[in-house]
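Since the structure comes first, as structure tokens, the remarks are kept for the end.
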Amino acid sequence: MHITDLLQPCCVSLRRQVDSMRAAEHLLVGLLAKGGHLTDAAAFESDVFAREDLGGICVGGGLAIPHAKSTAVQAPALAALTLDPPLACDTPDGAPVRMLFLIAAPADANDLHVQVLAELATLMLDKDLCAKLEAAETPETFCNLIAAQEGEPPVETTPQPSRPEHWRFVAVTACPTGLAHTYLAAEALQKAAQERGVSLKVETNGAAGVSDPLTTEDIAGAECIIVAADRTVSTARFVGKRMVSVSAREAIRDPGAVLDRAAENGVPVYRGGDGFRANDWKELGREAYRHLMSGISHMLPFVVAGGVLIAFALLFAQLGAPASITDMMDTVGRAAFVLVYPVLAAFIAYSISDLPAFMPGLMGGYLAQLGTTIAPEENWVSSGFWGALVAGFAAGLLVRLLNWLGKRLAPALEQVRTGLLTPALSLLGVGALMVLLVNPPLGNFNLWLCDLLDGMQGDSRLALGAMLGALMATDYGGSINKAAYLTGTLALVNNQYDIMAAVMVGGMVPPIAVALACIFFKNRFTRAERRTAPQNLLMGASFVTEGALSFALRDPLRVGPACILGSALAGFLSVLFGCGCPAPHGGLFLIAVIHNPTGFLLALAAGSALGAVLLGLLKKPIES
């Protein structure tokens with residue numbers, strides 16, 4: 001029996017990245033299951049792992065041959081896998097594993113697997129053949145090299161699955177909130193692709209979930225992958241493909257340049273991995289920002305939903321609803337606030353080092369929430385957002401370090417490492433860091449900051465409101481806008497509702513100001529721009545600042561100052577009028593629970609009017 005008789009192209013995977021032998025074997029079992037050779041993939045995988053525990057699967061020369069006889073195997077079969085980078089393994093010659101073959105034999109196959117094992121070992125003695133197999137570009141080429149060595153005819157090329165369209169490029173877009181930037185980036189890329197006459201499919205990772213998900217066929221047929229995201233998205237599926245990574249804002253601002261960059265021949269092939277392995281500080285900072293935004297994007301629903309429930313509790317209490325109902329809503333909303341910092345830290349850690357980092361990140365955020373120190377509990381002060389931030393990054397990096405060190409352990413200790421050592425050591429490390437080094441100084445910093453904000457009255461409080469309002473209009477949902485919004489939500493947690501009101505009204509002004517300018521200064525805008533007025537009014541009323549983004553990108557020197565000054569005035573007036581907002585989102589739809597709603601509406605109207613008038617004065621008449 002020849003190897004060619006047992007190995008099909010559909011059971012070959014090339015240049016994959018794995019972090020353990022078990023992970024490699026899992027991929028091989030998946031290939032056999034996909035090829036229809038197994039009746040129960042889980043049972044066969046268990047048999048493979050049991051055989052691996054007996055040792056002897058790494059035969060040297062960069063080759064490993066796991067194998068098993070199992071009742072879950074329908075007929076004898078092989079699966080093959082090449083690795084890039086190689087995997088450290090306990091081999092006779094100390095060489096890392098670069099290629100694996102998995103032998104699947106039926107339970108009643110006597111010594112068939114031994115024959116195949118001997119055939120493979122003999123075949124792989126040819127170092128030139130091994131080098132050619134590792135360099136093979138396609139599974140068909142891989143199988144044909146073996147067929148030629150065995151004197152067999154070439155295998156038939158596996159027909160490619162039919163798909164309705166060939167995508168030259170595919171893209172994934174995402175932003176921290178999953179709202180405007182996600183879809184604006186997708187729209188901008190699609191428009192640029194149409195202008196260049198190339199085909200593009202875009203997967204959007206929005207607040208409502210993934211839309212138009214990329215299939216395996218889409219990815220396989222793409223010449224380059226574009227990831228336009230401000231938070232971490234799944235990229236493991238892109239290993240082995242050319243990939244360009246940019247921010248969502250960069251894709252909105254200059255989508256043509258992003259597509260041109262993707263079309264260049266020098267785009268590197270993605271080999272897996274994620275942040276903190278970059279070769280330059282700029283890329284390092286970008287990855288750190290994405291990990292941070294991944295945590296914030298998971299944290300915000302707790303803040304928004306919790307704040308809205310608290311606001312509804314206040315509203316229903318004013319309307320005379322039963323106390324049992326309002327107390328329940330208030331309790332649930334405040335419970336959501338308790339989870340804000342643990343969730344933030346957990347998902348930062350998860351973004352950095354995947355599932356093993358989730359638990360220590362969650363616990364680090366919980367310790368930050370409590371302010372746990374070695375002092376008596378009555379002296380604990382929450383380190384809050386900053387403590388959770390430190391906990392998330394520390395947990396992710398510590399787990400990454402432990403995984404790197406764990407690869408030096410014997411393969412037989414893999415389960416002990418992943419099931420006991422990594423969880424226990426990461427929790428101990430993060431816990432000690434938070435209790436001894438992080439919570440004491442950051443807790444005191446939070447006390448000082450709260451006292452500072454409480455003490456900011458009169459002119460200083462008005463200046464704070466104006467500054468936060470202006471920051472909300474600086475980059476229309478970008479990092480500065482998110483920082484200002486985060487300030488408002490953190491103040492909300494501390495019951496400083498006037499700061500949240502200034503943030504909200506400042507974020508509502510830009511789209512409303514642009515819409516009013518389109519209505520009252522029609523000769524300053526194109527017909528297409530004027531048609532966006534109704535949707536911008538709705539977006540402004542809903543507290544979606546990104547409605548003005550497209551206008552700012554086209555004319556930043558005029559739109560930017562007009563919106564910033566309008567938002568600054570609105571923030572200033574909201575504090576002056578004593579407005580307070582107990583919810584972090586909702587805009588005018590929560591006007592009934594805003595403290596001094598009349599003052600809030602006056603602040604919004606004044607800021608929007610100022611922004612619209614300035615736009616009318618700054619922009620020059622055009623021919624529509």
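Residues are named by chain letter and number: chains run A, B, ... in the order of the structure tokens, numbers start at 1 in each chain, and ligands are numbered from 1 in the order shown.
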
Within 7 Å of region 231-235 of chain A using only C-alpha atoms, minus same-chain residues under 3 positions, as an MDAnalysis selection string
chainID A and resid 174:176 238 290:291 293:294 351

Filtered DSSP result for region 307-419 of chain A, state helix (DSSP H, G or I), as a ChimeraX atom specification:
/A:307-318,323-338,340-353,355-370,377-379,384-406,411-419

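Separating CA of Leu259 (chain A) from CA of Asp475 (chain A) is a distance of 23.1 Å.
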
Just the residues within 8 Å of region 543-548 of chain A, please, counting only C-alpha atoms, with nothing from its chain fewer than 6 positions along; format it as a PyMOL selection string.
chain A and resi 180-181+472-473+476-477+504-505+507-511+514+535-536+585-588

Env of region 213-224 of chain A: 6 Å cut, atoms = only C-alpha atoms, seq-sep filter 6 positions within chain, self excluded. Answer as JSON, numbers by chain.
{"A": [167, 168, 169, 203, 242, 243]}

So that I can see what lies close to region 440-448 of chain A, please list as a ChimeraX atom specification the residues with an atom at most 8 Å from it, counting only C-alpha atoms and leaving out residues fewer than 4 positions away in the same chain.
/A:371,373,380-384,386-387,435-436,452

Would you put the residues from that selection into a file with N, CA and C atoms, as a PDB file, in the first residue's frame?
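Writing the result to again.pdb gives the following:
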```
ATOM      1  N   GLY A 371     -10.849  47.228  45.324  1.00  0.00           N
ATOM      2  CA  GLY A 371      -9.755  47.981  45.927  1.00  0.00           C
ATOM      3  C   GLY A 371      -8.996  47.162  46.953  1.00  0.00           C
ATOM      4  N   THR A 373      -6.536  45.392  49.265  1.00  0.00           N
ATOM      5  CA  THR A 373      -5.135  45.545  49.665  1.00  0.00           C
ATOM      6  C   THR A 373      -4.922  44.718  50.925  1.00  0.00           C
ATOM      7  N   TRP A 380     -10.249  49.939  52.150  1.00  0.00           N
ATOM      8  CA  TRP A 380     -10.075  49.663  50.721  1.00  0.00           C
ATOM      9  C   TRP A 380     -10.714  50.778  49.893  1.00  0.00           C
ATOM     10  N   VAL A 381     -10.028  51.182  48.828  1.00  0.00           N
ATOM     11  CA  VAL A 381     -10.546  52.171  47.886  1.00  0.00           C
ATOM     12  C   VAL A 381     -10.378  51.610  46.470  1.00  0.00           C
ATOM     13  N   SER A 382     -11.449  51.570  45.707  1.00  0.00           N
ATOM     14  CA  SER A 382     -11.396  51.004  44.364  1.00  0.00           C
ATOM     15  C   SER A 382     -10.374  51.740  43.493  1.00  0.00           C
ATOM     16  N   SER A 383      -9.534  50.968  42.798  1.00  0.00           N
ATOM     17  CA  SER A 383      -8.618  51.584  41.824  1.00  0.00           C
ATOM     18  C   SER A 383      -9.310  51.805  40.494  1.00  0.00           C
ATOM     19  N   GLY A 384     -10.562  51.323  40.367  1.00  0.00           N
ATOM     20  CA  GLY A 384     -11.427  51.664  39.249  1.00  0.00           C
ATOM     21  C   GLY A 384     -10.888  51.345  37.873  1.00  0.00           C
ATOM     22  N   TRP A 386      -8.496  52.630  36.028  1.00  0.00           N
ATOM     23  CA  TRP A 386      -7.055  52.513  35.819  1.00  0.00           C
ATOM     24  C   TRP A 386      -6.513  51.211  36.383  1.00  0.00           C
ATOM     25  N   GLY A 387      -7.036  50.796  37.517  1.00  0.00           N
ATOM     26  CA  GLY A 387      -6.611  49.510  38.056  1.00  0.00           C
ATOM     27  C   GLY A 387      -7.013  48.353  37.162  1.00  0.00           C
ATOM     28  N   VAL A 435      -2.976  43.667  44.665  1.00  0.00           N
ATOM     29  CA  VAL A 435      -3.102  43.882  46.109  1.00  0.00           C
ATOM     30  C   VAL A 435      -1.930  44.677  46.670  1.00  0.00           C
ATOM     31  N   LEU A 436      -0.722  44.405  46.164  1.00  0.00           N
ATOM     32  CA  LEU A 436       0.471  45.012  46.757  1.00  0.00           C
ATOM     33  C   LEU A 436       0.915  46.300  46.063  1.00  0.00           C
ATOM     34  N   LEU A 452     -11.188  66.276  43.543  1.00  0.00           N
ATOM     35  CA  LEU A 452     -10.925  67.368  42.617  1.00  0.00           C
ATOM     36  C   LEU A 452     -12.173  67.737  41.829  1.00  0.00           C
TER      37      LEU A 452
END
```

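Note that the spacing between CA of Leu618 (chain A) and CA of Arg524 (chain A) amounts to 9.3 Å.
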
Using only C-alpha atoms, which residues sit within 12 Å of region 123-136 of chain A once same-chain residues fewer than 3 positions away are excluded, as a PyMOL selection string?
chain A and resi 2-4+9+12-16+59-65+80-86+97-101+116-120+139-150

Take the selection from the previous step and output its residues with N, CA and C atoms, as a short mmCIF file (atom, residue, chain, number, x, y, z; two decimals), in the first residue's frame.
```
data_model
loop_
_atom_site.label_atom_id
_atom_site.label_comp_id
_atom_site.auth_asym_id
_atom_site.auth_seq_id
_atom_site.Cartn_x
_atom_site.Cartn_y
_atom_site.Cartn_z
N HIS A 2 0.59 2.19 -0.92
CA HIS A 2 1.36 3.42 -1.01
C HIS A 2 0.70 4.55 -0.24
N ILE A 3 1.52 5.52 0.10
CA ILE A 3 1.00 6.70 0.81
C ILE A 3 -0.03 7.42 -0.06
N THR A 4 0.22 7.44 -1.36
CA THR A 4 -0.70 8.12 -2.29
C THR A 4 -2.10 7.55 -2.22
N PRO A 9 -5.75 15.46 -1.20
CA PRO A 9 -5.48 16.89 -1.01
C PRO A 9 -6.37 17.56 0.03
N VAL A 12 -4.89 17.76 3.57
CA VAL A 12 -3.56 18.37 3.70
C VAL A 12 -3.76 19.86 4.02
N SER A 13 -3.03 20.34 5.00
CA SER A 13 -3.06 21.76 5.36
C SER A 13 -1.62 22.24 5.48
N LEU A 14 -1.33 23.42 4.92
CA LEU A 14 0.06 23.87 4.78
C LEU A 14 0.32 25.14 5.59
N ARG A 15 1.54 25.19 6.15
CA ARG A 15 2.07 26.37 6.84
C ARG A 15 1.10 26.91 7.90
N ARG A 16 0.70 26.03 8.80
CA ARG A 16 -0.17 26.44 9.90
C ARG A 16 0.68 26.74 11.13
N VAL A 59 9.65 11.46 15.38
CA VAL A 59 10.65 10.49 14.92
C VAL A 59 11.97 11.14 14.53
N GLY A 60 12.07 12.47 14.60
CA GLY A 60 13.30 13.15 14.24
C GLY A 60 13.26 13.70 12.83
N GLY A 61 14.26 14.51 12.50
CA GLY A 61 14.32 15.10 11.17
C GLY A 61 13.19 16.08 10.90
N GLY A 62 12.58 16.61 11.97
CA GLY A 62 11.48 17.56 11.79
C GLY A 62 10.15 16.90 11.51
N LEU A 63 10.05 15.58 11.70
CA LEU A 63 8.84 14.84 11.36
C LEU A 63 8.21 14.22 12.60
N ALA A 64 6.87 14.29 12.68
CA ALA A 64 6.10 13.61 13.71
C ALA A 64 4.99 12.82 13.04
N ILE A 65 4.74 11.62 13.56
CA ILE A 65 3.73 10.75 12.95
C ILE A 65 2.80 10.23 14.04
N ALA A 80 -2.09 15.30 6.54
CA ALA A 80 -0.75 15.90 6.62
C ALA A 80 -0.84 17.37 6.98
N LEU A 81 0.19 17.84 7.67
CA LEU A 81 0.22 19.22 8.15
C LEU A 81 1.66 19.70 8.14
N THR A 82 1.91 20.88 7.56
CA THR A 82 3.22 21.51 7.69
C THR A 82 3.08 22.72 8.59
N LEU A 83 4.14 23.03 9.34
CA LEU A 83 4.09 24.07 10.37
C LEU A 83 5.04 25.20 10.04
N ASP A 84 4.58 26.41 10.29
CA ASP A 84 5.42 27.60 10.16
C ASP A 84 4.95 28.61 11.21
N PRO A 85 5.70 28.80 12.31
CA PRO A 85 7.03 28.29 12.58
C PRO A 85 6.99 26.84 13.07
N PRO A 86 8.18 26.17 13.11
CA PRO A 86 8.23 24.80 13.63
C PRO A 86 7.83 24.74 15.10
N VAL A 97 9.60 20.10 15.18
CA VAL A 97 8.73 19.44 14.20
C VAL A 97 8.27 20.47 13.16
N ARG A 98 8.46 20.11 11.89
CA ARG A 98 8.03 20.97 10.79
C ARG A 98 6.90 20.34 9.97
N MET A 99 6.73 19.04 10.12
CA MET A 99 5.72 18.35 9.31
C MET A 99 5.15 17.18 10.11
N LEU A 100 3.84 16.96 9.99
CA LEU A 100 3.18 15.86 10.68
C LEU A 100 2.31 15.08 9.71
N PHE A 101 2.26 13.77 9.91
CA PHE A 101 1.31 12.90 9.22
C PHE A 101 0.51 12.17 10.30
N VAL A 116 2.05 1.46 7.35
CA VAL A 116 2.03 2.84 6.87
C VAL A 116 3.10 3.66 7.57
N LEU A 117 3.29 3.43 8.86
CA LEU A 117 4.30 4.14 9.63
C LEU A 117 5.69 3.87 9.05
N ALA A 118 5.95 2.62 8.72
CA ALA A 118 7.25 2.27 8.14
C ALA A 118 7.43 2.88 6.75
N GLU A 119 6.36 2.89 5.97
CA GLU A 119 6.41 3.47 4.63
C GLU A 119 6.69 4.97 4.69
N LEU A 120 6.02 5.65 5.63
CA LEU A 120 6.23 7.07 5.78
C LEU A 120 7.65 7.38 6.24
N PRO A 139 -2.12 21.92 -1.53
CA PRO A 139 -2.25 20.51 -1.15
C PRO A 139 -2.07 19.57 -2.34
N GLU A 140 -2.52 19.99 -3.52
CA GLU A 140 -2.34 19.14 -4.70
C GLU A 140 -0.86 18.94 -5.01
N THR A 141 -0.09 20.02 -4.93
CA THR A 141 1.35 19.91 -5.16
C THR A 141 1.99 18.99 -4.13
N PHE A 142 1.59 19.11 -2.89
CA PHE A 142 2.10 18.27 -1.81
C PHE A 142 1.88 16.79 -2.14
N CYS A 143 0.66 16.45 -2.52
CA CYS A 143 0.33 15.04 -2.82
C CYS A 143 1.05 14.55 -4.08
N ASN A 144 1.19 15.42 -5.07
CA ASN A 144 1.86 15.02 -6.31
C ASN A 144 3.35 14.76 -6.10
N LEU A 145 3.96 15.49 -5.18
CA LEU A 145 5.37 15.23 -4.87
C LEU A 145 5.55 13.83 -4.29
N ILE A 146 4.64 13.44 -3.42
CA ILE A 146 4.71 12.08 -2.85
C ILE A 146 4.41 11.04 -3.93
N ALA A 147 3.41 11.34 -4.77
CA ALA A 147 3.07 10.40 -5.85
C ALA A 147 4.25 10.19 -6.79
N ALA A 148 4.96 11.27 -7.14
CA ALA A 148 6.12 11.16 -8.01
C ALA A 148 7.22 10.33 -7.36
N GLN A 149 7.41 10.49 -6.07
CA GLN A 149 8.44 9.74 -5.35
C GLN A 149 8.10 8.25 -5.33
N GLU A 150 6.80 7.93 -5.27
CA GLU A 150 6.37 6.54 -5.22
C GLU A 150 6.14 5.96 -6.62
#
```

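Using only C-alpha atoms, the contacts of Val172 (chain A) at a cut-off of 7 Å, with sequence neighbours closer than 3 positions omitted, comprise Val202, Glu203, Thr204, Ile226, Val227 and Ala228 of chain A.
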